[in-house]
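Just input-v9.txt here, compact mmCIF, C-alpha atoms and all ligand atoms:
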```
# COMPACT_ATOMS: atom_id res chain seq x y z
CA MET A 1 0.00 0.00 0.00
CA ALA A 2 2.72 2.38 1.12
CA SER A 3 4.68 1.81 -2.04
CA LYS A 4 1.55 2.37 -4.16
CA LYS A 5 0.91 5.63 -2.29
CA LYS A 6 4.55 6.61 -2.82
CA THR A 7 4.26 5.88 -6.56
CA GLY A 8 1.08 7.98 -6.68
CA VAL A 9 2.84 10.88 -4.98
CA ILE A 10 5.82 10.62 -7.35
CA VAL A 11 3.52 10.52 -10.40
CA GLY A 12 1.59 13.49 -9.00
CA VAL A 13 4.79 15.44 -8.42
CA LEU A 14 6.04 14.54 -11.90
CA ILE A 15 2.80 15.69 -13.54
CA THR A 16 2.90 18.94 -11.54
CA LEU A 17 6.51 19.46 -12.60
CA LEU A 18 5.63 18.77 -16.25
CA VAL A 19 2.72 21.21 -16.15
CA LEU A 20 4.95 23.80 -14.50
CA ALA A 21 7.65 23.23 -17.10
CA ALA A 22 5.11 23.62 -19.93
CA VAL A 23 3.69 26.82 -18.40
CA THR A 24 7.21 28.19 -17.84
CA GLY A 25 8.09 27.30 -21.43
CA ILE A 26 5.05 29.10 -22.80
CA LEU A 27 5.79 32.13 -20.59
CA ILE A 28 9.44 32.22 -21.70
CA TRP A 29 8.35 31.95 -25.35
CA LEU A 30 5.79 34.71 -24.89
CA PHE A 31 8.00 37.18 -23.04
CA VAL A 32 11.50 36.46 -24.27
CA ILE A 33 11.29 35.10 -27.80
CA LYS A 34 8.18 37.00 -28.91
CA GLY A 35 9.58 40.08 -27.21
CA ARG A 36 12.84 39.65 -29.06
CA GLU A 37 10.98 39.19 -32.36
CA SER A 38 8.98 42.35 -31.95
CA ALA A 39 12.11 44.21 -30.90
CA ALA A 40 13.75 42.90 -34.07
CA THR A 41 10.76 44.01 -36.14
CA ILE A 42 11.00 47.49 -34.66
CA SER A 43 14.77 47.72 -35.14
CA MET A 44 14.44 46.33 -38.70
CA LYS A 45 12.64 49.48 -39.61
CA ARG A 46 15.64 51.48 -38.46
CA VAL A 47 18.54 49.66 -40.05
CA PRO A 48 20.68 51.53 -42.56
CA ALA A 49 19.47 51.28 -46.16
CA GLN A 50 21.42 50.75 -49.34
CA ARG A 51 20.39 51.85 -52.80
CA VAL A 52 22.21 50.55 -55.84
CA TYR A 53 21.46 51.66 -59.40
CA SER A 54 22.97 49.96 -62.41
CA GLY A 55 22.84 50.42 -66.14
CA HIS A 56 25.02 51.38 -69.05
CA MET A 57 26.41 54.43 -70.81
CA LYS A 58 26.97 54.66 -74.53
CA LEU A 59 30.31 56.28 -75.39
CA ASP A 60 30.33 57.88 -78.82
CA ASN A 61 33.95 58.80 -79.40
CA VAL A 62 35.82 55.84 -77.95
CA PRO A 63 37.13 53.25 -80.38
CA TYR A 64 36.44 49.69 -79.30
CA ASN A 65 39.47 47.74 -78.24
CA GLN A 66 39.43 44.05 -77.29
CA ASN A 67 41.54 44.88 -74.24
CA LEU A 68 38.51 46.69 -72.78
CA GLU A 69 37.07 43.23 -72.09
CA ASP A 70 39.86 42.53 -69.61
CA PRO A 71 39.45 44.38 -66.28
CA THR A 72 43.20 44.05 -65.60
CA SER A 73 44.22 45.85 -68.83
CA THR A 74 45.44 49.45 -68.71
CA GLU A 75 42.78 50.38 -71.33
CA PHE A 76 40.02 49.10 -69.04
CA GLN A 77 41.46 50.75 -65.96
CA LYS A 78 41.92 54.17 -67.55
CA LEU A 79 38.46 54.35 -69.13
CA ALA A 80 36.75 52.89 -66.04
CA ASP A 81 38.52 55.43 -63.78
CA ASP A 82 37.43 58.33 -66.02
CA LEU A 83 33.81 57.15 -66.13
CA GLU A 84 33.66 56.48 -62.40
CA GLU A 85 34.87 60.05 -61.88
CA ILE A 86 32.14 61.38 -64.21
CA LEU A 87 29.45 59.42 -62.35
CA LYS A 88 30.71 60.67 -59.00
CA SER A 89 30.87 64.32 -60.08
CA ASN A 90 27.33 64.15 -61.49
CA TYR A 91 25.81 62.74 -58.32
CA LYS A 92 27.77 65.25 -56.24
CA GLN A 93 25.83 68.05 -57.97
CA VAL A 94 22.67 67.18 -56.05
CA GLU A 95 22.65 67.59 -52.30
CA PHE A 96 20.81 64.49 -51.14
CA LEU A 97 22.61 62.19 -53.58
CA SER A 98 25.96 63.74 -52.70
CA LYS A 99 25.32 63.24 -48.99
CA TYR A 100 24.72 59.48 -49.31
CA TYR A 101 26.96 58.69 -52.28
CA THR A 102 29.36 55.81 -51.59
CA THR A 103 30.89 54.59 -54.83
CA SER A 104 30.53 53.98 -58.55
CA VAL A 105 32.07 50.99 -60.29
CA VAL A 106 32.43 50.33 -64.02
CA THR A 107 32.11 46.57 -64.41
CA ALA A 108 32.50 45.90 -68.15
CA PHE A 109 32.63 47.26 -71.68
CA SER A 110 31.15 45.88 -74.88
CA GLU A 111 31.05 46.93 -78.54
CA GLY A 112 29.18 50.14 -79.08
CA VAL A 113 31.06 51.27 -76.95
CA LEU A 114 28.83 50.47 -74.00
CA ALA A 115 30.14 50.89 -70.45
CA TYR A 116 28.31 48.97 -67.69
CA TYR A 117 28.29 50.44 -64.21
CA TRP A 118 26.62 50.58 -60.83
CA THR A 119 26.46 53.29 -58.17
CA GLN A 120 25.84 52.74 -54.47
CA PHE A 121 24.26 55.11 -51.94
CA ASP A 122 24.25 54.35 -48.19
CA ILE A 123 21.53 55.88 -46.07
CA PRO A 124 22.05 55.70 -42.28
CA ALA A 125 19.18 54.50 -40.07
CA ALA A 126 18.62 58.03 -38.77
CA ASP A 127 17.94 59.38 -42.28
CA LEU A 128 15.51 56.80 -43.64
CA GLU A 129 12.92 59.55 -44.26
CA ILE A 130 14.94 60.49 -47.34
CA LEU A 131 14.33 57.12 -49.02
CA PRO A 132 11.26 58.20 -51.06
CA GLU A 133 13.53 60.76 -52.77
CA PHE A 134 15.53 57.89 -54.23
CA SER A 135 13.71 56.86 -57.36
CA GLU A 136 15.00 55.50 -60.65
CA GLU A 137 13.54 58.51 -62.43
CA ARG A 138 15.27 61.00 -60.12
CA VAL A 139 18.63 59.23 -60.24
CA LEU A 140 18.49 58.95 -64.03
CA GLU A 141 17.44 62.59 -64.39
CA VAL A 142 20.39 63.77 -62.28
CA LEU A 143 22.78 61.56 -64.21
CA TRP A 144 21.50 62.62 -67.61
CA ASN A 145 21.43 66.35 -66.78
CA GLY A 146 24.98 66.14 -65.48
CA ILE A 147 26.21 64.28 -68.55
CA ARG A 148 24.53 66.82 -70.85
CA GLU A 149 26.12 69.73 -68.99
CA GLN A 150 29.52 68.07 -69.11
CA GLY A 151 29.12 67.41 -72.83
CA LYS A 152 28.64 71.16 -73.44
CA ARG A 153 31.97 71.99 -71.84
CA SER A 154 34.90 72.12 -74.25
CA GLY A 155 37.80 69.74 -73.83
CA GLN A 156 35.56 66.90 -72.73
CA SER A 157 37.16 63.80 -74.19
CA LEU A 158 34.29 61.41 -73.45
CA HIS A 159 30.99 61.90 -75.18
CA ILE A 160 28.14 59.96 -73.55
CA SER A 161 25.06 59.77 -75.78
CA GLN A 162 22.89 57.42 -73.75
CA VAL A 163 22.55 56.35 -70.14
CA THR A 164 20.27 53.94 -68.26
CA ALA A 165 19.79 53.39 -64.50
CA SER A 166 17.66 50.77 -62.77
CA ARG A 167 17.42 49.99 -59.09
CA THR A 168 19.41 46.82 -58.48
CA ASP A 169 19.69 44.26 -55.73
CA PRO A 170 22.94 45.29 -53.93
CA ARG A 171 23.95 41.62 -53.82
CA MET A 172 24.48 41.72 -57.59
CA ALA A 173 26.85 44.70 -57.49
CA ARG A 174 30.30 43.25 -58.14
CA ASN A 175 33.66 44.91 -58.76
CA PRO A 176 35.68 42.91 -61.31
CA ARG A 177 38.79 44.89 -60.40
CA ALA A 178 38.71 44.04 -56.69
CA ASP A 179 36.35 41.21 -56.07
CA TYR A 180 37.31 37.89 -57.68
CA GLU A 181 35.37 35.38 -55.61
CA CYS A 182 32.80 33.52 -57.68
CA PHE A 183 33.18 35.97 -60.57
CA PHE A 184 33.69 34.52 -64.06
CA ARG A 185 34.16 35.80 -67.58
CA LEU A 186 33.14 33.30 -70.27
CA GLU A 187 33.58 33.38 -74.05
CA ALA A 188 30.79 31.61 -75.92
CA ASN A 189 31.52 29.77 -79.12
CA THR A 190 29.92 27.45 -81.67
CA LEU A 191 30.91 24.46 -79.58
CA ALA A 192 28.86 24.20 -76.42
CA GLN A 193 30.87 24.69 -73.21
CA SER A 194 29.59 24.28 -69.69
CA PHE A 195 29.70 25.98 -66.32
CA GLN A 196 28.28 25.06 -62.92
CA SER A 197 27.26 26.79 -59.75
CA PRO A 198 29.92 26.34 -57.00
CA GLY A 199 29.70 22.97 -55.27
CA PHE A 200 27.49 21.41 -57.95
CA PRO A 201 26.16 18.66 -57.77
CA ASP A 202 26.41 18.79 -53.99
CA GLN A 203 25.25 22.07 -52.52
CA TYR A 204 25.96 25.66 -53.35
CA PRO A 205 27.49 27.63 -50.47
CA ALA A 206 25.38 29.83 -48.21
CA GLN A 207 25.56 33.57 -48.98
CA SER A 208 26.75 33.05 -52.56
CA ARG A 209 27.21 36.14 -54.70
CA CYS A 210 28.18 34.60 -58.02
CA GLN A 211 28.34 36.27 -61.38
CA TRP A 212 29.07 35.03 -64.91
CA GLN A 213 29.70 37.61 -67.66
CA ILE A 214 29.24 35.84 -71.01
CA ARG A 215 30.36 37.29 -74.33
CA ALA A 216 30.21 36.08 -77.90
CA PRO A 217 31.79 37.31 -81.15
CA GLU A 218 29.86 40.20 -82.71
CA GLN A 219 26.76 39.34 -84.78
CA ASN A 220 25.96 36.39 -82.51
CA ALA A 221 23.45 35.75 -79.77
CA ILE A 222 24.17 33.61 -76.70
CA SER A 223 22.11 30.57 -75.82
CA VAL A 224 22.30 29.13 -72.29
CA ARG A 225 20.63 25.86 -71.43
CA PHE A 226 20.41 24.79 -67.77
CA SER A 227 20.49 21.00 -68.06
CA HIS A 228 20.26 20.76 -64.26
CA PHE A 229 18.52 23.38 -62.20
CA HIS A 230 17.71 22.98 -58.52
CA ILE A 231 17.59 26.14 -56.42
CA GLU A 232 15.65 26.69 -53.19
CA ASP A 233 11.90 27.05 -53.78
CA ASP A 234 11.55 30.52 -52.28
CA CYS A 235 12.88 33.07 -54.79
CA SER A 236 13.27 35.68 -52.06
CA ASP A 237 15.96 33.43 -50.49
CA ASP A 238 17.96 31.94 -53.37
CA PHE A 239 17.62 32.70 -57.09
CA VAL A 240 19.25 32.92 -60.48
CA SER A 241 18.89 36.21 -62.38
CA ILE A 242 19.71 36.46 -66.07
CA TYR A 243 20.23 39.73 -67.96
CA ASP A 244 20.39 40.73 -71.61
CA SER A 245 23.18 43.11 -70.61
CA LEU A 246 26.44 42.98 -68.67
CA SER A 247 24.75 45.00 -65.89
CA PRO A 248 22.13 43.56 -63.53
CA ASP A 249 19.77 46.13 -65.04
CA GLU A 250 16.09 45.27 -64.43
CA SER A 251 15.06 47.02 -67.63
CA GLN A 252 17.03 44.32 -69.45
CA ALA A 253 16.32 41.31 -67.23
CA ILE A 254 15.57 38.10 -69.13
CA THR A 255 14.27 36.15 -66.15
CA HIS A 256 14.58 35.48 -62.40
CA LYS A 257 14.22 31.83 -61.49
CA CYS A 258 14.33 29.53 -58.45
CA GLY A 259 12.96 26.08 -57.59
CA GLN A 260 13.60 22.79 -59.30
CA ARG A 261 13.10 22.06 -62.99
CA PRO A 262 12.75 18.52 -64.34
CA PRO A 263 15.22 17.52 -67.12
CA SER A 264 12.21 17.28 -69.45
CA ASN A 265 11.56 21.01 -69.02
CA PRO A 266 14.97 22.70 -68.88
CA LEU A 267 15.37 26.45 -68.54
CA GLU A 268 16.85 27.74 -71.78
CA VAL A 269 17.37 31.39 -72.65
CA VAL A 270 18.65 33.35 -75.65
CA SER A 271 20.12 36.86 -75.57
CA SER A 272 19.28 39.59 -78.09
CA SER A 273 22.97 40.34 -78.77
CA ASN A 274 26.46 39.06 -77.90
CA ILE A 275 26.39 39.61 -74.13
CA MET A 276 24.64 38.03 -71.15
CA LEU A 277 24.99 38.25 -67.37
CA ILE A 278 24.00 35.48 -64.96
CA ASN A 279 23.84 35.85 -61.16
CA LEU A 280 23.38 33.29 -58.42
CA ILE A 281 22.35 34.78 -55.07
CA THR A 282 21.82 32.59 -52.00
CA ASP A 283 20.99 33.31 -48.36
CA SER A 284 22.24 31.62 -45.20
CA ALA A 285 19.57 28.91 -44.81
CA VAL A 286 18.74 25.90 -47.05
CA GLN A 287 21.20 25.00 -49.79
CA ARG A 288 20.44 22.99 -52.94
CA PRO A 289 22.58 21.38 -55.69
CA GLY A 290 22.45 24.50 -57.90
CA PHE A 291 22.83 24.30 -61.66
CA SER A 292 24.84 23.02 -64.55
CA ALA A 293 24.52 24.93 -67.82
CA GLU A 294 25.74 24.74 -71.40
CA TYR A 295 26.35 27.88 -73.41
CA SER A 296 26.99 28.44 -77.11
CA ILE A 297 26.41 30.97 -79.87
CA ILE A 298 23.65 31.37 -82.45
CA PRO A 299 24.33 33.73 -85.40
CA LEU A 300 22.04 36.77 -85.11
CA THR A 301 20.78 36.11 -88.63
CA THR A 302 19.42 32.78 -87.36
CA SER A 303 18.41 33.84 -83.88
CA LYS A 304 16.41 36.83 -85.10
CA SER A 305 14.83 35.15 -88.10
CA CYS A 306 11.19 34.41 -87.50
CA GLY A 307 7.83 34.70 -89.18
CA GLY A 308 7.11 34.28 -92.88
CA VAL A 309 4.34 33.15 -95.18
CA LEU A 310 2.64 29.85 -94.36
CA SER A 311 0.64 28.54 -97.29
CA ASP A 312 0.31 24.80 -96.68
CA ALA A 313 -3.18 23.47 -95.97
CA GLN A 314 -2.11 23.00 -92.37
CA GLY A 315 1.02 23.33 -90.29
CA ASN A 316 2.70 24.41 -87.08
CA PHE A 317 4.63 27.47 -86.02
CA SER A 318 6.04 28.70 -82.74
CA SER A 319 7.83 31.57 -81.05
CA PRO A 320 11.57 31.77 -81.88
CA HIS A 321 13.69 28.98 -80.31
CA TYR A 322 10.69 27.26 -78.74
CA PRO A 323 10.75 25.47 -76.25
CA SER A 324 13.63 27.73 -75.21
CA PHE A 325 12.65 31.18 -73.97
CA TYR A 326 12.34 33.59 -76.91
CA PRO A 327 14.94 36.40 -77.09
CA PRO A 328 14.14 39.93 -75.86
CA ALA A 329 13.55 42.75 -78.37
CA LEU A 330 12.13 40.87 -81.32
CA ASP A 331 9.18 41.23 -83.71
CA CYS A 332 7.86 38.46 -85.94
CA LYS A 333 4.97 38.24 -88.37
CA TRP A 334 3.46 35.09 -89.82
CA THR A 335 0.99 35.41 -92.69
CA ILE A 336 -1.15 32.33 -93.11
CA GLU A 337 -2.82 31.91 -96.47
CA VAL A 338 -5.39 29.27 -97.31
CA PRO A 339 -7.36 28.70 -100.56
CA ALA A 340 -9.97 31.33 -101.44
CA GLY A 341 -13.34 30.73 -99.85
CA LYS A 342 -11.80 29.09 -96.78
CA GLN A 343 -10.86 30.64 -93.50
CA VAL A 344 -7.78 30.26 -91.30
CA ARG A 345 -8.13 28.59 -87.98
CA VAL A 346 -5.24 28.93 -85.49
CA LYS A 347 -5.07 27.01 -82.27
CA PHE A 348 -2.43 27.82 -79.68
CA THR A 349 -1.53 24.54 -77.98
CA MET A 350 0.84 26.36 -75.62
CA PHE A 351 0.74 30.04 -74.74
CA ARG A 352 2.98 31.51 -72.08
CA MET A 353 4.18 35.12 -72.03
CA LYS A 354 4.20 35.82 -68.33
CA GLU A 355 6.04 38.90 -67.15
CA PRO A 356 6.21 40.62 -63.77
CA ARG A 357 4.02 43.70 -63.32
CA VAL A 358 2.30 43.31 -66.67
CA ASP A 359 -1.32 44.28 -67.21
CA VAL A 360 -2.75 41.36 -69.22
CA ARG A 361 -5.76 43.47 -70.17
CA VAL A 362 -3.61 45.80 -72.27
CA CYS A 363 -0.55 43.58 -72.94
CA HIS A 364 1.90 46.49 -72.95
CA LYS A 365 4.97 44.25 -72.93
CA ASP A 366 5.16 41.00 -74.93
CA TYR A 367 2.15 39.89 -76.93
CA ILE A 368 0.63 38.05 -79.85
CA GLU A 369 -1.61 40.22 -82.00
CA VAL A 370 -4.28 38.70 -84.21
CA MET A 371 -7.01 40.69 -85.99
CA GLY A 372 -6.31 43.81 -83.93
CA THR A 373 -6.46 42.09 -80.53
CA LYS A 374 -3.43 41.56 -78.30
CA TYR A 375 -3.03 38.43 -76.19
CA CYS A 376 -0.45 37.93 -73.41
CA GLY A 377 0.09 36.22 -70.04
CA GLU A 378 -0.68 32.53 -69.78
CA MET A 379 -3.59 30.86 -71.57
CA SER A 380 -4.65 27.24 -71.41
CA SER A 381 -6.54 27.45 -74.68
CA LEU A 382 -6.78 30.01 -77.41
CA ALA A 383 -8.25 29.33 -80.83
CA LEU A 384 -9.03 31.99 -83.42
CA THR A 385 -10.69 31.92 -86.82
CA SER A 386 -10.15 34.52 -89.53
CA THR A 387 -12.94 36.15 -91.52
CA THR A 388 -11.02 35.86 -94.79
CA SER A 389 -8.60 33.37 -96.37
CA SER A 390 -5.58 35.16 -94.89
CA LEU A 391 -4.56 35.73 -91.30
CA ALA A 392 -1.60 37.63 -89.84
CA VAL A 393 -0.15 36.60 -86.48
CA MET A 394 2.20 39.16 -84.97
CA PHE A 395 4.56 38.45 -82.08
CA HIS A 396 6.28 41.19 -80.11
CA SER A 397 8.90 40.79 -77.38
CA ASP A 398 10.08 43.93 -75.57
CA GLU A 399 13.48 44.56 -73.95
CA SER A 400 12.89 42.79 -70.64
CA PHE A 401 11.56 39.45 -69.39
CA THR A 402 10.96 36.60 -71.77
CA ASP A 403 9.19 33.27 -71.46
CA LYS A 404 8.58 30.06 -73.35
CA GLY A 405 6.28 31.80 -75.83
CA PHE A 406 3.84 29.79 -77.89
CA GLN A 407 3.27 26.80 -80.08
CA ALA A 408 0.42 26.92 -82.61
CA GLN A 409 -1.29 24.78 -85.24
CA TYR A 410 -3.22 26.18 -88.16
CA ASN A 411 -5.46 24.74 -90.83
CA ALA A 412 -7.90 25.78 -93.50
CA TYR A 413 -11.45 25.85 -92.29
CA ASP A 414 -14.41 25.59 -94.60
CA PRO A 415 -17.19 27.79 -93.19
CA SER A 416 -19.82 25.80 -95.08
CA ASN A 417 -18.73 22.56 -93.39
CA ARG A 418 -20.83 22.10 -90.28
CA GLU A 419 -18.62 19.28 -89.00
CA TRP A 420 -16.41 21.86 -87.32
CA PHE A 421 -19.32 22.84 -85.12
CA LEU A 422 -20.24 19.25 -84.39
CA SER A 423 -16.68 18.25 -83.48
CA GLY A 424 -16.79 20.89 -80.76
CA VAL A 425 -13.43 22.41 -81.63
CA TYR A 426 -14.84 25.49 -83.35
CA ILE A 427 -14.52 28.61 -81.23
CA CA B 501 9.27 40.90 -72.43
```

Taking this structure as input, can you express it in the form of structure tokens?
Amino acid sequence: MASKKKTGVIVGVLITLLVLAAVTGILIWLFVIKGRESAATISMKRVPAQRVYSGHMKLDNVPYNQNLEDPTSTEFQKLADDLEEILKSNYKQVEFLSKYYTTSVVTAFSEGVLAYYWTQFDIPAADLEILPEFSEERVLEVLWNGIREQGKRSGQSLHISQVTASRTDPRMARNPRADYECFFRLEANTLAQSFQSPGFPDQYPAQSRCQWQIRAPEQNAISVRFSHFHIEDDCSDDFVSIYDSLSPDESQAITHKCGQRPPSNPLEVVSSSNIMLINLITDSAVQRPGFSAEYSIIPLTTSKSCGGVLSDAQGNFSSPHYPSFYPPALDCKWTIEVPAGKQVRVKFTMFRMKEPRVDVRVCHKDYIEVMGTKYCGEMSSLALTSTTSSLAVMFHSDESFTDKGFQAQYNAYDPSNREWFLSGVYI
């Protein structure tokens, strides 16, 4: 009996202790951890901010020299120093930009001559109220006004005829003259070559800031095919960003991708000219195998050739390089002609032109235009029938963000044949 009573007391004490421990745990979580989180949320609002703008400048009176592709050459260093000085002096003209200006870095040159750059501003926590003043429009206006003023002065050896500036993720701002870790310069050729993310096929390192500048001989486009692609699912943590430029300039972004892609649906992109920039950015938590990619050239005459007259009774056509992503900055027109008295029926079996911040009601970026109506975004089915025996299908891709595009079938449709209606495919 006594031992049973003793056991009961011990069990009772144990239960009481467990309940106490649970209550203490909850209290600690409530007061300490939750408290810390809310303190962190408050202090997050007051941490210093960074603003980085990147883009390119077109230099009119500088002859192109192959040595400008090498950041260690004297030609690169001299021209980059001069341009960095011009950028700095322009921003110093405006009080708020001057106050927070940190540095400007020229990262590359390409034929044109185009100079790629970024500029960084650091805003201390106490001055965050100034942040709304930092806009792409304002920064570009200051830069352009300064460049115009400088151009008027005599003795100016550099003539800049064009400049762009987009807000950029500071993690993509690299200095090829000082910062060699995970920074690569690749030369694309007819023969496919490959490159991998660091650590592939194991895991990419945490906090990666990798950049690949890819060039090709003039009059060629660059094609990059990611035969393996496995990045963390959340694009705000880890991602790959691809640009149709040598600057991480959003106005020339081809795509931002994360997640895993099956080998049957590889990511494949094509540039509009002979340059491309690829970035891999990772955070501190969750690492994945990364990617392996093959890159090669496509002559511009081939890569930009699209459209034409289609006069067979039926056939297929697709966006350029399908199922690869189509290149930026391209227009195509297909004219489908069927025998007189018949009509053209086009069915899109795949339609994907998804772009960030696009209004699919107006399709102001990439689109297909048929009979005066523009179509964009993603559509599971789209079938159109002409009113005459000829139908024009226009495809437009603007300077940023591309996608898989479309695949379409067409055939001649006889309006007097009611079978179309009965088969249920007529729309
Ligand atoms: Ca686009």

Next on the checklist: Just the number, please: distance in Å from atom CA of Ser223 of chain A to atom CA of Val105 of chain A, one decimal.
Outcome noted: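 Computed distance, atom CA of Ser223 of chain A to atom CA of Val105 of chain A, equals 27.5 Å.
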
Checklist entry - What's the 9 Å shell around Ala408 of chain A, counting only C-alpha atoms, without same-chain residues fewer than 5 positions away, as a PyMOL selection string? => result chain A and resi 315-319+346-351

Item to check | Selection as a PyMOL selection string: residues within 6 Å of (25.8, 38.1, -75.8), counting all atoms listed in the file | outcome: chain A and resi 215-216+221-222+271+273-276

Under the rule of at most 10 Å, produce a per-residue listing of chain A near ligand CA 501 (chain B): chain, number, name, the closest pair of atoms, and the distance in Å, as a Markdown table, using all atoms listed in the file.
```
| residue | atom | partner | partner_atom | distance |
| --- | --- | --- | --- | --- |
| A:Ser251 | CA | B:CA501 | CA | 9.7 |
| A:Gln252 | CA | B:CA501 | CA | 9.0 |
| A:Ala253 | CA | B:CA501 | CA | 8.8 |
| A:Ile254 | CA | B:CA501 | CA | 7.6 |
| A:Thr255 | CA | B:CA501 | CA | 9.3 |
| A:Tyr326 | CA | B:CA501 | CA | 9.1 |
| A:Pro327 | CA | B:CA501 | CA | 8.6 |
| A:Pro328 | CA | B:CA501 | CA | 6.0 |
| A:Ala329 | CA | B:CA501 | CA | 7.6 |
| A:Leu330 | CA | B:CA501 | CA | 9.3 |
| A:Met353 | CA | B:CA501 | CA | 7.7 |
| A:Lys354 | CA | B:CA501 | CA | 8.3 |
| A:Glu355 | CA | B:CA501 | CA | 6.5 |
| A:Pro356 | CA | B:CA501 | CA | 9.2 |
| A:Val358 | CA | B:CA501 | CA | 9.4 |
| A:His364 | CA | B:CA501 | CA | 9.3 |
| A:Lys365 | CA | B:CA501 | CA | 5.5 |
| A:Asp366 | CA | B:CA501 | CA | 4.8 |
| A:Tyr367 | CA | B:CA501 | CA | 8.5 |
| A:His396 | CA | B:CA501 | CA | 8.2 |
| A:Ser397 | CA | B:CA501 | CA | 5.0 |
| A:Asp398 | CA | B:CA501 | CA | 4.4 |
| A:Glu399 | CA | B:CA501 | CA | 5.8 |
| A:Ser400 | CA | B:CA501 | CA | 4.5 |
| A:Phe401 | CA | B:CA501 | CA | 4.1 |
| A:Thr402 | CA | B:CA501 | CA | 4.7 |
| A:Asp403 | CA | B:CA501 | CA | 7.7 |
```

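By chain and then residue number, the residues within 6 Å of segment 175-183 of chain A are Pro71, Thr107, Cys210 and Gln211 of chain A, counting all atoms listed in the file and disregarding those fewer than 3 positions away in sequence.
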